[in-house]
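Student: Quick one: structure below, then a few questions.
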Amino acid sequence: MLSKSVVAVSFLIILLYGNLFIEVEGIGVNWGSQASHPLPPATVVRLLRHGRNPNDLLAPIAGSVAVAERWVSQNVSAHVSSNGVDIRYVAVGNEPFLKAFNGTFEGITLPALQNIQSALIKAGLASQVKVTVPLNADVYESASNLPSDGDFRAEIRDLMISIVKFLSDNQAPFTINIYPFISLYNDPHFPVEFAFFDGTGSPVNDNGRIYDNVLDANYDTLVWSLQKNGFGNMSIIVGEVGWPTDGDKNANMQYARRYNQGFMNRQKAGRGTPMRPGPMDAYLFSLIDEDAKSIQPGNFERHWGIFYIDGQPKYQLSLGNGNGLVPAKGVRHMAKKWCVLAPSANLQDPQLGPSVSYACDHADCTSLGYGSSCGNLNLAQNVSYAFNSYYQVSDQLDSACKFPGLSVITTNDPSVGSCKFKIMIKSDSSGGEASARMTRSVAVLLLLSVCLYIVL
């Protein structure tokens with residue numbers, strides 16, 4: 001899904017032998033930076049070892065080779081030359097042709113790709129670092145829903161062919177984001193079992209090719225789209241694939257674990273698709289929750305992580321040889337205190353609604369929605385959750401729990417069942433530039449065996 005970053009750069013880390021995904025080469029995980037209190041990079045690197053709208057930069061880069069050269073110099077060349085980081089790909093934009101964008105980026109995406117490529121050539125990095133553009137699966141379609149009838153979306157078909165030719169000419173991959181969860185989210189009649197890898201859904205027979213899950217069917221729809229337009233041998237990267245744990249009735253721990261474990265199992269087995277039987281190059285989305293991410297597509301956007309914002313695993317994943325996810329070490333939490341609705345507060349107070357709205361506008365209340373983990377709270381508990389979310393994201397400042405006549409600080413945990421009232425971690429969230437420096441420092445801390453996939 002569309003991912004933003006405070007510096008318009010996020011990192012997709014390919015985890016090789018000895019890192020998080022033990023003995024699984026070529027699986028990656030997206031590490032986003034849209035968190036109010038991000039874990040320190042050193043903590044995340046240890047976690048891996050032991051177990052901004054990206055499209056905003058398209059226009060300036062499309063309009064100036066000099067801008068592209070400065071970006072490559074600061075974000076690629078500097079880390080390759082001085083820090084020995086193995087950067088493999090630069091992703092220009094992220095899902096720029098979503099129908100929701102109404103064509104906003106159609107005229108500038110290819111020029112931006114071309115200018116970044118020119119900058120990489122000038123920097124002497126074009127043979128090592130490839131340029132690509134992560135696209136949503138809605139850039140292709142099939143009138144019959146069979147993969148073999150796939151082709152690029154009619155209104156952008158000529159543009160897509162131009163981009164694919166550019167990628168092919170530069171030995172760069174086609175990058176696609178595939179989300180079965182989104183299919184289920186957008187269509188209540190979507191067959192749920194077909195989203196998973198258990199083989200329990202009704203299979204689809206496409207001229208003898210059998211599909212028992214939507215990932216394979218979607219992927220091969222792209223393969224057919226490329227093949228019909230003369231690019232049948234083009235390499236494909238699945239830039240994002242995963243399942244969220246909250247923010248929607250179908251975004252829960254059970255489905256997320258089921259999907260991600262099934263995905264891991266097929267990757268460990270080297271299973272491909274009917275059209276491409278070999279191992280799939282794919283990046284799991286995502287590593288850690290991002291509580292400041294845009295929720296324009298849906299409340300689930302802040303809950304894709306396999307780890308909570310404090311680096312604790314949400315559920316277990318078997319990574320092979322008895323290995324699983326391990327908690328981040330050395331994470332410091334704030335004091336065990338919460339901001340809640342005062343016992344003396346009047347639920348009919350006319351300031352109650354505006355106070356809750358203010359709290360949720362400045363914090364994360366996405367777990368309160370219908371079907372979400374905190375969707376069954378009563379009115380008083382809902383208010384307390386909103387107040388506490390704002391209090392925690394504000395670093396537990398006393399002034400953040402001063403809703404007139406409505407709020408009070410307590411040391412009694414107000415959590416209700418599976419609905420957890422969170423305590424924030426201690427982190428450098430003092431400002432955009434500090435966060436930007438932190439994000440840029442990630443590259444310095446990564447080991448040589450880890451390669452980066454940088455998203456503009």
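If you're wondering about the labels, chains in the structure tokens are A, B, ... by order shown, residues count from 1 in each chain, ligands from 1 in order shown.
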List every residue of range 53-96 of chain A that DSSP, applied to the backbone, labels as strand (DSSP E or B), and write the result as a PyMOL selection string.
Tutor: chain A and resi 86-91
Student: Residues of range 316-368 of chain A within 10 Å of range 278-299 of chain A: nearest atom pair and distance (Å, one decimal) for each, counting only C-alpha atoms, sorted by chain and number, as a Markdown table?
Tutor:
| residue | atom | partner | partner_atom | distance |
| --- | --- | --- | --- | --- |
| A:His362 | CA | A:Ala292 | CA | 9.2 |
| A:Ala363 | CA | A:Ala292 | CA | 7.7 |
| A:Asp364 | CA | A:Asp291 | CA | 6.1 |
| A:Cys365 | CA | A:Asn299 | CA | 8.7 |
| A:Thr366 | CA | A:Asn299 | CA | 5.2 |
| A:Ser367 | CA | A:Asn299 | CA | 7.8 |
| A:Leu368 | CA | A:Asn299 | CA | 9.4 |
Student: Restricting the calculation to only C-alpha atoms, which member of A:Tyr89, A:Phe421, A:Phe403, A:Trp243 is positioned closest to Gly305 in chain A?
Tutor: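 Closest to Gly305 in chain A, using only C-alpha atoms: A:Trp243.
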Student: Out of A:Cys374, A:Ala143, A:Val214, A:Met334, which residue has the shortest atom-to-atom distance to Met424 in chain A when counting only C-alpha atoms?
Tutor: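 Among the listed residues, the smallest separation from Met424 in chain A belongs to A:Met334.
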Student: Which neighbours of Ser372 in chain A fall inside 12 Å, counting only C-alpha atoms, when residues of the same chain fewer than 5 positions from it are skipped, and could you give them as an mmCIF file with C-alpha atoms, in the first residue's frame?
Tutor:
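As written to disk, result_29.cif reads:
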data_model
loop_
_atom_site.group_PDB
_atom_site.id
_atom_site.type_symbol
_atom_site.label_atom_id
_atom_site.label_comp_id
_atom_site.auth_asym_id
_atom_site.auth_seq_id
_atom_site.Cartn_x
_atom_site.Cartn_y
_atom_site.Cartn_z
ATOM 1 C CA PRO A 244 -2.741 -6.206 8.525
ATOM 2 C CA THR A 245 -3.759 -7.057 12.083
ATOM 3 C CA ASP A 246 -6.198 -4.289 12.980
ATOM 4 C CA GLY A 247 -8.368 -1.498 11.608
ATOM 5 C CA ASP A 248 -10.936 -3.688 9.826
ATOM 6 C CA LYS A 249 -13.074 -6.737 10.540
ATOM 7 C CA ASN A 250 -10.822 -8.859 8.309
ATOM 8 C CA ALA A 251 -7.609 -7.333 9.663
ATOM 9 C CA ASN A 252 -6.835 -9.503 12.672
ATOM 10 C CA MET A 253 -4.079 -11.602 14.208
ATOM 11 C CA GLY A 298 -8.352 2.590 5.392
ATOM 12 C CA ASN A 299 -7.688 2.342 9.134
ATOM 13 C CA PHE A 300 -5.756 -0.890 8.556
ATOM 14 C CA HIS A 303 -1.253 -2.128 11.296
ATOM 15 C CA CYS A 365 -7.549 5.790 17.118
ATOM 16 C CA THR A 366 -7.763 3.297 14.264
ATOM 17 C CA SER A 367 -8.303 0.358 16.631
ATOM 18 C CA LEU A 377 -15.762 -0.613 23.914
ATOM 19 C CA SER A 418 -7.796 -7.808 23.865
ATOM 20 C CA CYS A 419 -8.044 -4.027 23.576
ATOM 21 C CA LYS A 420 -4.742 -2.746 24.906
#
